[in-house]
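start-v2.cif, holding mmCIF, C-alpha atoms:
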data_my_file
#
loop_
_atom_site.label_atom_id
_atom_site.label_comp_id
_atom_site.auth_asym_id
_atom_site.auth_seq_id
_atom_site.Cartn_x
_atom_site.Cartn_y
_atom_site.Cartn_z
CA MET A 1 -122.36 6.17 -104.10
CA THR A 2 -119.18 8.16 -104.61
CA GLN A 3 -116.38 6.16 -106.18
CA PRO A 4 -113.05 6.21 -104.34
CA ILE A 5 -110.26 8.19 -105.95
CA ARG A 6 -108.00 5.64 -107.58
CA LYS A 7 -104.27 5.82 -106.97
CA ALA A 8 -101.57 5.09 -109.50
CA VAL A 9 -97.78 4.80 -109.42
CA SER A 10 -95.87 6.39 -112.29
CA LEU A 11 -92.42 5.14 -113.24
CA LEU A 12 -90.98 8.56 -113.90
CA SER A 13 -87.61 8.53 -115.62
CA GLY A 14 -87.37 12.27 -116.17
CA GLY A 15 -87.72 11.86 -119.94
CA LEU A 16 -90.52 13.19 -122.09
CA ASP A 17 -92.55 9.99 -122.45
CA SER A 18 -93.08 9.32 -118.76
CA LEU A 19 -93.85 13.02 -118.24
CA LEU A 20 -96.61 12.87 -120.84
CA ALA A 21 -97.96 9.51 -119.69
CA THR A 22 -98.27 10.92 -116.17
CA LYS A 23 -100.05 14.01 -117.43
CA LEU A 24 -102.58 11.85 -119.29
CA ILE A 25 -103.37 9.89 -116.14
CA LEU A 26 -103.51 12.95 -113.89
CA ASP A 27 -105.98 14.53 -116.29
CA GLN A 28 -108.32 11.59 -115.65
CA GLY A 29 -108.62 12.52 -111.97
CA ILE A 30 -106.32 9.79 -110.69
CA HIS A 31 -104.08 10.43 -107.66
CA VAL A 32 -100.56 9.84 -108.97
CA GLU A 33 -97.26 9.55 -107.14
CA ALA A 34 -94.05 8.78 -108.97
CA ILE A 35 -91.12 6.49 -108.42
CA ASN A 36 -87.67 6.94 -109.86
CA PHE A 37 -85.11 4.18 -109.41
CA TYR A 38 -81.45 4.99 -108.95
CA THR A 39 -79.27 2.25 -110.43
CA GLY A 40 -75.94 4.13 -110.46
CA PHE A 41 -75.85 4.05 -114.27
CA CYS A 42 -77.66 7.32 -114.91
CA HIS A 43 -75.61 9.43 -117.26
CA SER A 44 -76.70 13.03 -117.09
CA GLY A 45 -76.76 13.61 -113.34
CA HIS A 46 -73.30 12.24 -112.76
CA THR A 47 -71.65 13.90 -115.69
CA SER A 48 -73.04 17.28 -114.71
CA GLY A 49 -72.06 16.68 -111.11
CA ILE A 50 -68.44 15.93 -112.01
CA ARG A 51 -67.44 17.97 -115.03
CA ASN A 52 -66.71 21.62 -114.70
CA ASN A 53 -68.95 22.99 -117.44
CA LYS A 54 -69.76 26.47 -116.27
CA LYS A 55 -71.64 27.22 -119.49
CA SER A 56 -74.18 24.50 -118.91
CA LYS A 57 -77.63 25.33 -117.61
CA PRO A 58 -78.29 24.77 -113.91
CA LYS A 59 -77.70 21.15 -112.98
CA ARG A 60 -80.86 19.33 -112.01
CA ASN A 61 -82.38 15.93 -111.60
CA ASP A 62 -84.80 15.47 -114.49
CA ALA A 63 -87.20 13.21 -112.59
CA LEU A 64 -87.50 15.78 -109.80
CA TRP A 65 -88.04 18.50 -112.38
CA SER A 66 -90.76 16.45 -114.11
CA ALA A 67 -92.55 15.67 -110.85
CA GLU A 68 -92.51 19.31 -109.87
CA GLN A 69 -93.94 20.33 -113.24
CA LEU A 70 -96.71 17.80 -112.74
CA GLY A 71 -97.35 18.79 -109.12
CA ILE A 72 -96.91 15.27 -107.77
CA LYS A 73 -94.69 13.59 -105.19
CA LEU A 74 -91.62 11.72 -106.34
CA HIS A 75 -90.01 8.89 -104.41
CA ILE A 76 -86.40 8.27 -105.46
CA ILE A 77 -85.36 4.76 -104.54
CA ASP A 78 -81.79 3.49 -104.31
CA ILE A 79 -81.61 0.06 -105.99
CA VAL A 80 -77.86 0.02 -106.65
CA ASP A 81 -77.22 -3.23 -104.78
CA ASP A 82 -80.29 -5.13 -105.94
CA TYR A 83 -79.67 -4.05 -109.52
CA LYS A 84 -76.26 -5.73 -109.73
CA ASP A 85 -77.72 -9.11 -110.51
CA ILE A 86 -79.66 -7.61 -113.43
CA VAL A 87 -76.49 -6.19 -114.97
CA ILE A 88 -74.33 -9.20 -114.24
CA ASN A 89 -76.75 -12.05 -115.05
CA PRO A 90 -79.52 -10.81 -117.33
CA LYS A 91 -81.93 -13.64 -118.12
CA TYR A 92 -82.86 -12.07 -121.45
CA GLY A 93 -79.31 -11.04 -122.32
CA TYR A 94 -77.82 -7.73 -123.34
CA GLY A 95 -78.72 -5.35 -126.14
CA GLN A 96 -76.06 -3.89 -128.41
CA ASN A 97 -73.90 -2.96 -125.43
CA ILE A 98 -74.04 -4.04 -121.77
CA ASN A 99 -77.65 -2.94 -121.57
CA PRO A 100 -79.96 -5.52 -120.03
CA CYS A 101 -83.02 -3.50 -121.06
CA LEU A 102 -85.68 -6.19 -120.86
CA ASP A 103 -84.51 -7.55 -117.51
CA CYS A 104 -84.19 -3.99 -116.27
CA LYS A 105 -87.75 -3.12 -117.21
CA ILE A 106 -89.11 -6.30 -115.62
CA PHE A 107 -87.13 -5.56 -112.45
CA MET A 108 -88.29 -1.97 -112.19
CA VAL A 109 -91.93 -2.79 -112.82
CA LYS A 110 -91.69 -5.59 -110.25
CA LYS A 111 -90.24 -3.17 -107.68
CA ALA A 112 -92.93 -0.60 -108.50
CA PHE A 113 -95.59 -3.30 -108.17
CA GLU A 114 -94.28 -4.16 -104.69
CA TRP A 115 -94.32 -0.47 -103.76
CA MET A 116 -97.89 -0.24 -105.10
CA HIS A 117 -99.02 -3.01 -102.74
CA GLU A 118 -97.12 -1.67 -99.74
CA ASN A 119 -98.63 1.80 -100.18
CA ASP A 120 -102.15 0.76 -101.11
CA PHE A 121 -102.18 2.03 -104.69
CA ASP A 122 -104.32 0.52 -107.46
CA PHE A 123 -102.15 0.28 -110.56
CA ILE A 124 -98.86 1.32 -112.13
CA PHE A 125 -98.04 2.88 -115.47
CA THR A 126 -95.03 3.69 -117.61
CA GLY A 127 -94.24 6.00 -120.51
CA GLU A 128 -93.39 3.12 -122.84
CA VAL A 129 -94.16 3.40 -126.54
CA VAL A 130 -94.31 0.35 -128.82
CA GLY A 131 -91.26 0.11 -131.05
CA GLN A 132 -89.31 2.88 -129.41
CA ARG A 133 -86.54 0.76 -127.95
CA PRO A 134 -85.21 -2.20 -129.88
CA LYS A 135 -85.22 -4.62 -126.97
CA SER A 136 -87.59 -3.74 -124.16
CA GLN A 137 -90.24 -1.72 -125.96
CA ARG A 138 -91.40 -4.11 -128.66
CA LYS A 139 -94.96 -5.31 -128.99
CA GLU A 140 -93.78 -8.87 -128.34
CA THR A 141 -91.71 -8.03 -125.26
CA MET A 142 -94.13 -5.69 -123.49
CA PRO A 143 -96.44 -8.57 -122.41
CA ILE A 144 -93.34 -10.34 -121.05
CA VAL A 145 -92.71 -7.35 -118.77
CA SER A 146 -96.33 -7.40 -117.55
CA LYS A 147 -96.20 -11.11 -116.85
CA ARG A 148 -92.69 -11.56 -115.45
CA SER A 149 -92.96 -8.53 -113.16
CA GLY A 150 -96.15 -9.94 -111.65
CA ALA A 151 -97.98 -6.70 -112.40
CA GLU A 152 -100.02 -8.41 -115.14
CA ASP A 153 -102.98 -6.20 -116.09
CA ARG A 154 -102.33 -3.66 -113.38
CA LEU A 155 -99.59 -2.31 -115.63
CA LEU A 156 -100.87 0.37 -118.00
CA ARG A 157 -98.98 2.09 -120.83
CA PRO A 158 -101.03 5.21 -121.50
CA LEU A 159 -99.09 6.31 -124.61
CA CYS A 160 -99.72 3.06 -126.49
CA ALA A 161 -102.57 1.41 -124.53
CA LYS A 162 -104.86 1.24 -127.55
CA LEU A 163 -102.47 -1.16 -129.25
CA PHE A 164 -103.09 -3.72 -126.49
CA GLU A 165 -106.05 -5.40 -124.86
CA PRO A 166 -107.65 -3.27 -122.12
CA THR A 167 -105.96 -3.50 -118.73
CA LEU A 168 -107.71 -3.70 -115.38
CA PRO A 169 -107.91 0.10 -114.84
CA GLU A 170 -109.57 0.43 -118.24
CA ARG A 171 -111.97 -2.48 -117.80
CA GLU A 172 -113.00 -1.29 -114.36
CA GLY A 173 -113.68 2.20 -115.65
CA TRP A 174 -111.03 3.86 -113.46
CA ILE A 175 -109.50 5.10 -116.69
CA ASP A 176 -111.27 6.17 -119.88
CA ARG A 177 -109.58 4.15 -122.60
CA ASP A 178 -110.76 6.62 -125.24
CA LYS A 179 -108.41 9.20 -123.76
CA LEU A 180 -105.38 6.96 -124.04
CA LEU A 181 -103.11 6.81 -127.09
CA ASN A 182 -101.82 4.44 -129.74
CA LEU A 183 -98.30 5.73 -130.31
CA SER A 184 -95.71 3.50 -131.91
CA GLY A 185 -92.32 3.84 -133.54
CA ARG A 186 -89.21 5.85 -132.90
CA SER A 187 -90.46 9.21 -134.11
CA ARG A 188 -90.81 11.70 -131.28
CA LYS A 189 -92.90 14.20 -133.23
CA PRO A 190 -96.24 13.34 -131.56
CA GLN A 191 -94.68 13.58 -128.10
CA ILE A 192 -92.99 16.88 -128.87
CA ALA A 193 -96.30 18.26 -130.18
CA MET A 194 -98.05 17.08 -127.00
CA ALA A 195 -95.36 18.70 -124.85
CA LYS A 196 -96.01 21.96 -126.67
CA ASP A 197 -99.77 21.67 -126.13
CA TYR A 198 -99.21 21.08 -122.42
CA ASN A 199 -96.70 23.96 -122.24
CA PHE A 200 -93.94 21.69 -121.02
CA GLU A 201 -90.75 23.51 -121.85
CA ASP A 202 -87.18 22.62 -121.11
CA PHE A 203 -87.96 18.92 -120.70
CA ALA A 204 -85.07 16.45 -120.92
CA GLN A 205 -84.20 15.94 -124.56
CA PRO A 206 -85.18 12.50 -125.78
CA SER A 207 -82.26 10.48 -127.05
CA GLY A 208 -80.92 7.07 -126.13
CA GLY A 209 -82.19 7.34 -122.58
CA CYS A 210 -80.06 8.26 -119.62
CA CYS A 211 -78.52 4.86 -118.98
CA VAL A 212 -74.78 4.66 -119.66
CA LEU A 213 -75.08 0.92 -120.25
CA THR A 214 -76.38 1.78 -123.72
CA ASP A 215 -73.18 3.74 -124.39
CA PRO A 216 -70.57 1.70 -126.33
CA SER A 217 -67.53 3.40 -124.77
CA TYR A 218 -68.86 2.93 -121.25
CA SER A 219 -69.70 -0.71 -121.97
CA ILE A 220 -66.16 -1.35 -123.20
CA LYS A 221 -64.75 0.09 -119.96
CA LEU A 222 -67.06 -2.06 -117.88
CA GLN A 223 -66.11 -5.19 -119.84
CA ASP A 224 -62.42 -4.34 -119.48
CA MET A 225 -62.89 -4.01 -115.73
CA TRP A 226 -64.60 -7.38 -115.46
CA GLN A 227 -62.04 -9.04 -117.70
CA THR A 228 -58.99 -7.75 -115.84
CA ARG A 229 -60.46 -8.53 -112.42
CA GLY A 230 -61.49 -12.00 -113.55
CA GLU A 231 -65.03 -11.59 -112.23
CA LYS A 232 -68.23 -9.84 -113.16
CA ASN A 233 -68.87 -7.62 -110.18
CA TYR A 234 -68.83 -3.94 -109.24
CA ASP A 235 -69.59 -1.44 -106.55
CA LEU A 236 -70.92 2.10 -106.87
CA ASP A 237 -67.47 3.70 -106.88
CA ASP A 238 -66.38 1.39 -109.72
CA ILE A 239 -69.23 2.33 -111.99
CA ILE A 240 -68.91 6.03 -111.25
CA LEU A 241 -65.17 6.05 -111.91
CA LEU A 242 -65.79 4.48 -115.32
CA LYS A 243 -67.48 7.77 -116.23
CA VAL A 244 -64.55 9.92 -115.15
CA GLY A 245 -61.31 10.74 -116.94
CA ARG A 246 -59.31 9.07 -119.70
CA HIS A 247 -58.77 5.38 -119.05
CA LEU A 248 -55.46 4.01 -120.34
CA ARG A 249 -54.16 0.51 -119.80
CA PRO A 250 -50.45 0.43 -120.71
CA ASN A 251 -50.04 -2.89 -118.89
CA PRO A 252 -52.59 -5.67 -118.27
CA ASN A 253 -52.01 -5.35 -114.52
CA TYR A 254 -53.03 -1.74 -114.07
CA LYS A 255 -54.78 1.19 -115.68
CA LEU A 256 -54.43 4.94 -115.32
CA ILE A 257 -57.49 7.14 -114.85
CA ILE A 258 -56.31 10.58 -115.92
CA GLY A 259 -58.48 13.61 -115.15
CA ARG A 260 -59.54 15.61 -118.20
CA GLU A 261 -60.33 18.90 -116.53
CA GLU A 262 -60.56 20.67 -113.20
CA GLY A 263 -63.97 19.31 -112.25
CA GLU A 264 -62.86 15.74 -112.80
CA ASN A 265 -59.59 16.31 -110.93
CA ASN A 266 -61.51 17.72 -107.98
CA PHE A 267 -63.91 14.82 -108.02
CA MET A 268 -61.08 12.29 -108.23
CA GLU A 269 -59.41 13.89 -105.19
CA GLY A 270 -62.11 12.14 -103.19
CA TYR A 271 -60.52 8.81 -104.15
CA ARG A 272 -56.93 9.70 -103.27
CA LYS A 273 -56.98 7.62 -100.08
CA GLN A 274 -58.33 4.56 -101.87
CA PHE A 275 -56.06 4.55 -104.93
CA PRO A 276 -52.35 5.03 -105.52
CA HIS A 277 -52.04 8.12 -107.67
CA MET A 278 -49.70 10.43 -109.55
CA ARG A 279 -49.57 14.21 -109.32
CA ILE A 280 -47.85 16.70 -111.59
CA GLN A 281 -45.75 18.99 -109.41
CA SER A 282 -43.85 21.24 -111.80
CA HIS A 283 -46.72 22.21 -114.10
CA VAL A 284 -50.49 22.38 -114.23
CA GLY A 285 -51.63 18.85 -114.83
CA PRO A 286 -54.11 16.13 -114.08
CA LEU A 287 -54.52 13.91 -111.10
CA SER A 288 -54.09 10.29 -112.22
CA LEU A 289 -55.50 7.40 -110.22
CA ILE A 290 -53.92 3.98 -110.64
CA GLU A 291 -56.22 0.99 -110.51
CA GLY A 292 -54.59 -2.42 -110.20
CA ASP A 293 -51.07 -3.47 -109.25
CA ILE A 294 -48.40 -1.30 -110.75
CA PRO A 295 -44.90 -2.88 -110.64
CA ASP A 296 -42.21 -0.64 -109.11
CA ASP A 297 -40.21 -0.66 -112.33
CA ASP A 298 -43.24 0.69 -114.21
CA LEU A 299 -43.65 3.77 -112.03
CA GLU A 300 -41.36 6.04 -114.05
CA TYR A 301 -42.95 4.85 -117.27
CA ALA A 302 -46.45 5.57 -115.94
CA ALA A 303 -45.27 8.96 -114.68
CA SER A 304 -44.08 9.85 -118.19
CA ILE A 305 -47.55 9.00 -119.55
CA CYS A 306 -49.23 11.20 -116.93
CA ALA A 307 -46.75 14.01 -117.73
CA ARG A 308 -47.84 13.81 -121.35
CA PHE A 309 -51.26 15.11 -120.30
CA SER A 310 -49.84 18.06 -118.32
CA ALA A 311 -49.04 21.61 -119.39
CA GLY A 312 -45.38 20.51 -119.50
CA ARG A 313 -45.97 18.00 -122.29
CA ASN A 314 -43.49 19.78 -124.59
CA ASP A 315 -40.91 20.65 -121.92
CA PRO A 316 -37.69 18.65 -121.44
CA THR A 317 -38.69 17.51 -117.96
CA VAL A 318 -41.74 17.36 -115.72
CA THR A 319 -41.74 16.54 -112.01
CA VAL A 320 -44.27 13.89 -111.07
CA THR A 321 -44.90 12.40 -107.64
CA TYR A 322 -46.21 8.92 -106.98
CA HIS A 323 -48.40 8.51 -103.89
CA PRO A 324 -49.04 4.93 -102.81
CA VAL A 325 -51.96 4.20 -100.50
CA ASP A 326 -49.42 3.26 -97.82
CA GLY A 327 -45.75 4.16 -97.90
CA TYR A 328 -43.52 6.95 -99.03
CA VAL A 329 -44.08 9.43 -101.81
CA GLN A 330 -41.60 9.04 -104.68
CA GLU A 331 -40.56 11.84 -107.00
CA PHE A 332 -39.66 11.45 -110.67
CA VAL A 333 -38.17 14.11 -112.89
CA ILE A 334 -38.92 12.66 -116.28
CA THR A 335 -39.34 13.49 -119.94
CA PRO A 336 -43.02 13.40 -120.91
CA MET A 337 -43.81 10.52 -123.22
CA PRO A 338 -43.96 11.74 -126.83
CA THR A 339 -47.45 11.76 -128.33
CA ASP A 340 -46.52 9.16 -130.92
CA ASP A 341 -45.45 6.76 -128.21
CA ILE A 342 -48.87 6.82 -126.54
CA ASN A 343 -50.26 3.62 -127.96
CA GLN A 344 -53.85 4.15 -129.08
CA ALA A 345 -54.61 0.58 -128.01
CA TRP A 346 -54.03 1.65 -124.40
CA TYR A 347 -57.18 3.77 -124.47
CA ILE A 348 -60.12 1.83 -123.08
CA MET B 1 -86.62 20.91 -82.11
CA SER B 2 -83.26 19.26 -82.77
CA HIS B 3 -80.50 20.00 -85.25
CA TYR B 4 -79.02 17.18 -87.30
CA LEU B 5 -76.12 16.97 -89.73
CA LEU B 6 -76.09 14.91 -92.92
CA ASP B 7 -72.73 14.53 -94.65
CA VAL B 8 -73.23 13.58 -98.30
CA LYS B 9 -69.97 14.99 -99.63
CA ARG B 10 -68.70 13.29 -102.82
CA LEU B 11 -72.06 11.68 -103.45
CA LEU B 12 -73.50 12.46 -106.84
CA CYS B 13 -77.04 13.28 -107.83
CA PRO B 14 -79.51 11.87 -106.86
CA MET B 15 -77.85 10.31 -103.81
CA PRO B 16 -77.90 13.56 -101.77
CA VAL B 17 -81.67 13.72 -102.33
CA ILE B 18 -82.14 10.04 -101.49
CA LYS B 19 -80.14 10.40 -98.27
CA THR B 20 -82.05 13.57 -97.37
CA GLN B 21 -85.37 11.88 -98.11
CA ASN B 22 -84.45 8.89 -95.94
CA LYS B 23 -83.10 11.01 -93.08
CA VAL B 24 -86.14 13.29 -92.99
CA LYS B 25 -88.36 10.21 -92.50
CA GLU B 26 -86.63 9.70 -89.13
CA LEU B 27 -87.09 13.31 -87.98
CA GLN B 28 -89.90 15.18 -86.23
CA VAL B 29 -91.73 18.30 -87.38
CA ASP B 30 -89.61 21.45 -86.74
CA ASP B 31 -86.36 19.49 -86.61
CA GLU B 32 -83.59 21.07 -88.68
CA LEU B 33 -81.29 19.17 -90.99
CA GLU B 34 -78.00 20.59 -92.25
CA ILE B 35 -76.97 18.81 -95.44
CA VAL B 36 -73.32 19.11 -96.49
CA CYS B 37 -72.68 18.14 -100.10
CA THR B 38 -70.32 18.74 -103.00
CA ASP B 39 -72.47 17.98 -106.07
CA PRO B 40 -73.69 21.35 -107.38
CA GLY B 41 -76.85 19.62 -108.60
CA ALA B 42 -77.97 19.55 -104.95
CA LEU B 43 -78.51 23.31 -105.14
CA GLN B 44 -81.44 22.64 -107.47
CA ASP B 45 -82.51 19.22 -106.34
CA ILE B 46 -82.80 19.51 -102.56
CA PRO B 47 -84.89 22.72 -102.67
CA ALA B 48 -87.06 21.12 -105.39
CA TRP B 49 -87.57 18.07 -103.20
CA CYS B 50 -88.42 20.33 -100.22
CA ARG B 51 -91.00 22.25 -102.26
CA MET B 52 -92.58 18.94 -103.28
CA TYR B 53 -92.94 17.73 -99.68
CA GLY B 54 -93.61 21.08 -98.03
CA HIS B 55 -90.36 21.35 -96.09
CA GLU B 56 -88.68 24.71 -95.66
CA VAL B 57 -85.21 25.62 -96.91
CA LEU B 58 -83.75 27.87 -94.21
CA ASN B 59 -80.35 28.60 -95.66
CA THR B 60 -78.05 27.73 -98.55
CA GLN B 61 -74.37 28.55 -98.64
CA GLU B 62 -71.34 27.57 -100.71
CA GLN B 63 -67.94 27.59 -99.11
CA ASP B 64 -64.62 26.03 -100.15
CA GLY B 65 -66.27 23.72 -102.68
CA GLU B 66 -68.87 22.57 -100.19
CA ILE B 67 -72.57 23.32 -100.33
CA ILE B 68 -74.48 23.53 -97.07
CA ILE B 69 -78.27 23.45 -97.22
CA THR B 70 -80.26 23.73 -94.01
CA ILE B 71 -83.88 22.68 -94.04
CA ARG B 72 -86.69 22.58 -91.50
CA VAL B 73 -88.98 19.57 -91.46
CA CYS B 74 -92.61 20.62 -91.85
CA GLU B 75 -95.91 18.71 -91.68
#
Would you mind giving the structure from this file in structure tokens?
Amino acid sequence: MTQPIRKAVSLLSGGLDSLLATKLILDQGIHVEAINFYTGFCHSGHTSGIRNNKKSKPKRNDALWSAEQLGIKLHIIDIVDDYKDIVINPKYGYGQNINPCLDCKIFMVKKAFEWMHENDFDFIFTGEVVGQRPKSQRKETMPIVSKRSGAEDRLLRPLCAKLFEPTLPEREGWIDRDKLLNLSGRSRKPQIAMAKDYNFEDFAQPSGGCCVLTDPSYSIKLQDMWQTRGEKNYDLDDIILLKVGRHLRPNPNYKLIIGREEGENNFMEGYRKQFPHMRIQSHVGPLSLIEGDIPDDDLEYAASICARFSAGRNDPTVTVTYHPVDGYVQEFVITPMPTDDINQAWYI
Amino acid sequence: MSHYLLDVKRLLCPMPVIKTQNKVKELQVDDELEIVCTDPGALQDIPAWCRMYGHEVLNTQEQDGEIIITIRVCE
């Protein structure tokens, strides 16, 4: 009797490991479709979408690129709202920054497991490698992910499967365990060699992953936001704006988000109706959004800081306008704040 | 055949693809969807997504900082 074609769900991040893991499973005659979860904290897509780097290669979504290389369907799923609780209250805590890696992995595998059931697939797999990430990809924590996600032995890790007991797809003969791998450690040499053998070129460069929560400077901004608001919460605009511009807090009650280049200024224009802001009128200069409550007697002071980042920084005066969300525009003709007076402690 | 508009201006990658993906699920074969976006990544991503699912990209244009991609829903 002919065996049914088994169906597997790949958690495809767009990085090299999940690309290779998917290739290994496809080569065993399994029908694979991929899932990519959008949390709002992905680094590369947003940065390329905002900053005006004309020299960069064409902007693309790495998960889409990977799926196309593999010839499989990709389902991109928006989990921004559901993911908040993982970032705000991680059961297993944070890593070195505000990265709840273990909770995140459990959550994503759980979501993929639900999708697997809803769509009548047989198992799920990831591109995890033992020892590659200090928190979520350790030999001791990987079984926690399998158990806590509910996926149990329907979760396969093709790149390091031989370091674990056989999973259901292996025991049932859906997958030939001999063709799976035993990779461990942080070296990427075996994966890069495999990519070469498979003729995968131009894959996303492996580094610290694409999640900005592993980035110290981003984590500091997020903590500052929570601290000054007095609550751990966020919406999508909050977490995107933390990636844009220079963030300076000259007063505990407000911060300035000052565009660093044309692309950022253009992007920030989209927020001009939500935030009070400052514009440089007499020179080329950044758009500066103001988050928080700026006292009226601080407006001129803040304007002089914004002027410091304009082309008129060395001129005697710069004209700056303040645009509240409601109310009249005010104009200031001020001396830009001298560089030495910009307190380094204001930078978040 | 009907023509629909999807405004995803200001949304960053991959939200334009997610919104497109979700909207197309509501449409019929041969319906057209005009997607208006500002993230230049959409120029790569939406055609890639269409190739993956067999939908047809009818037209792509950039104008005043906006990108307009028109697709036809296929089987």
Practice problem: May I ask which of the residues B:Cys74, B:Met15, B:Leu5, B:Val29 is the closest one to chain A, counting all atoms listed in the file? | Solution: B:Met15
Quiz prompt | Neighbour list for Val24 (chain B) as number ranges by chain, cut-off 9 Å, all atoms listed in the file, skip fewer than 4 positions in-chain | solution = B: 19-20, 28, 31, 33, 73
Quiz item: Which polymer residues have any atom within 12 Å of an atom of Val87 (chain A), counting all atoms listed in the file, with same-chain residues fewer than 5 positions away left out, as an NGL selection string?
Solution: :A and (39-41 or 80-82 or 92-95 or 97-105 or 107 or 211-214 or 219 or 222-223 or 226 or 232-235 or 239)
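Nearest residue to Leu11 (chain B), choosing from A:Tyr328, A:Tyr83, A:Tyr301, A:Tyr271 and counting all atoms listed in the file: A:Tyr271.
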Enumerate as a PDB file with C-alpha atoms, in the frame of the given file the residues belonging to chain B that approach chain A to within 6 Å, with all atoms listed in the file taken into account.
ATOM      1  CA  LEU B  12     -73.500  12.460-106.840  1.00  0.00           C
ATOM      2  CA  CYS B  13     -77.040  13.280-107.830  1.00  0.00           C
ATOM      3  CA  ASP B  39     -72.470  17.980-106.070  1.00  0.00           C
ATOM      4  CA  GLY B  41     -76.850  19.620-108.600  1.00  0.00           C
ATOM      5  CA  GLN B  44     -81.440  22.640-107.470  1.00  0.00           C
ATOM      6  CA  ASP B  45     -82.510  19.220-106.340  1.00  0.00           C
TER       7      ASP B  45
END
Quiz prompt | Selected residue, from B:Ile18, B:Val36, B:Met1, B:Leu27, that lies nearest to Ile68 (chain B) when counting only C-alpha atoms | solution =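 Looking only at the distances to Ile68 (chain B), the closest residue turns out to be B:Val36.
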Quiz item: Between CA of Gly327 (chain A) and CA of Pro295 (chain A), what is the distance, to one decimal in Å?
Solution: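 According to the coordinates, CA of Gly327 (chain A) and CA of Pro295 (chain A) are separated by 14.6 Å.
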Exercise. Pick out the residues sitting within 10 Å of region 1-7 of chain A, and hand them over as a list in words; count only C-alpha atoms, and ignore anything fewer than 6 positions along from it in its own chain.
Key: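 Final neighbour list, sorted by chain and number: Leu26, Gly29, Ile30, His31, Val32, Glu33, Met116, Asn119, Asp120, Phe121, Asp122, Phe123, Ile124, Pro169, Trp174 and Ile175 of chain A.
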Exercise. Measure the distance from CA of Met108 (chain A) to CA of Thr126 (chain A) in Å and round it to one decimal.
Key: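 These two atoms are separated by 10.3 Å.
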Practice problem: Kindly give the distance, in Å, that separates CA of Gln132 (chain A) and CA of Cys160 (chain A), rounded to a single decimal. | Solution: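 Computed distance, CA of Gln132 (chain A) to CA of Cys160 (chain A), equals 10.8 Å.
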Self-check item: Contacts of Gln281 (chain A) at 8 Å (only C-alpha atoms; same-chain gap of 6+ positions) as JSON, numbers by chain
Solution: {"A": [318, 319, 320, 321]}
Quiz item: Quick one: which residues end up in the PyMOL selection byres ((chain B and resi 55) around 8) for this structure, as an MDAnalysis selection string?
Solution: chainID B and resid 50:54 56:57 71:75
Quiz item: Do you know which residues the PyMOL selection byres ((chain A and resi 282) around 12) returns on this file, as a list in words?
Solution: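 In the shown coordinates, the PyMOL selection byres ((chain A and resi 282) around 12) covers Arg279, Ile280, Gln281, His283, Val284, Gly285, Pro286, Ala307, Ser310, Ala311, Gly312, Arg313, Asp315, Pro316, Thr317, Val318, Thr319, Val320, Thr321, Glu331, Phe332, Val333 and Ile334 of chain A.
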Practice problem: Name the residues within 12 Å of (-69.4, 27.7, -101.3), counting all atoms listed in the file in the file's coordinates, and put them as a count of residues only. | Solution: 16
Self-check item: Best match for closeness to Leu183 (chain A) among A:Ala204, A:Leu168, A:Ile257, A:Leu163, counting only C-alpha atoms
Solution: A:Leu163
Quiz item: Of the residues A:Ser187, A:Thr167, A:Ser288, A:Thr228, which is the one nearest to Glu261 (chain A), using all atoms listed in the file?
Solution: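 Ranked by minimum distance to Glu261 (chain A), first place goes to A:Ser288.
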Quiz item: Using the chain letters and numbers from the file, which residues does the PyMOL selection byres ((chain A and resi 143) around 12) grab, as JSON, numbers by chain?
Solution: {"A": [102, 105, 106, 130, 136, 137, 138, 139, 140, 141, 142, 144, 145, 146, 147, 148, 149, 150, 151, 152, 153, 154, 155, 156, 157, 161, 163, 164, 165, 167]}
Set up a box along x, y and z of the file covering all listed atoms of region 9-25 of chain B, add 6 Å on every one of the six sides, and write the centre and edge lengths in Å to one decimal, as JSON.
{"center_x": -78.5, "center_y": 11.9, "center_z": -100.2, "size_x": 31.7, "size_y": 18.1, "size_z": 27.3}
Provide region 62-68 of chain B rebuilt to N, CA and C atoms, formatted as a compact mmCIF listing (two decimals), in the frame of the given file.
# COMPACT_ATOMS: atom_id res chain seq x y z
N GLU B 62 -72.44 28.28 -100.06
CA GLU B 62 -71.34 27.57 -100.71
C GLU B 62 -70.04 28.10 -100.12
N GLN B 63 -69.17 27.16 -99.77
CA GLN B 63 -67.94 27.59 -99.11
C GLN B 63 -66.87 26.52 -99.33
N ASP B 64 -65.75 26.93 -99.90
CA ASP B 64 -64.62 26.03 -100.15
C ASP B 64 -65.05 24.75 -100.87
N GLY B 65 -65.86 24.90 -101.89
CA GLY B 65 -66.27 23.72 -102.68
C GLY B 65 -67.35 22.88 -102.01
N GLU B 66 -67.80 23.31 -100.86
CA GLU B 66 -68.87 22.57 -100.19
C GLU B 66 -70.16 23.39 -100.23
N ILE B 67 -71.25 22.68 -100.33
CA ILE B 67 -72.57 23.32 -100.33
C ILE B 67 -73.28 22.88 -99.06
N ILE B 68 -73.78 23.87 -98.32
CA ILE B 68 -74.48 23.53 -97.07
C ILE B 68 -75.92 24.03 -97.19
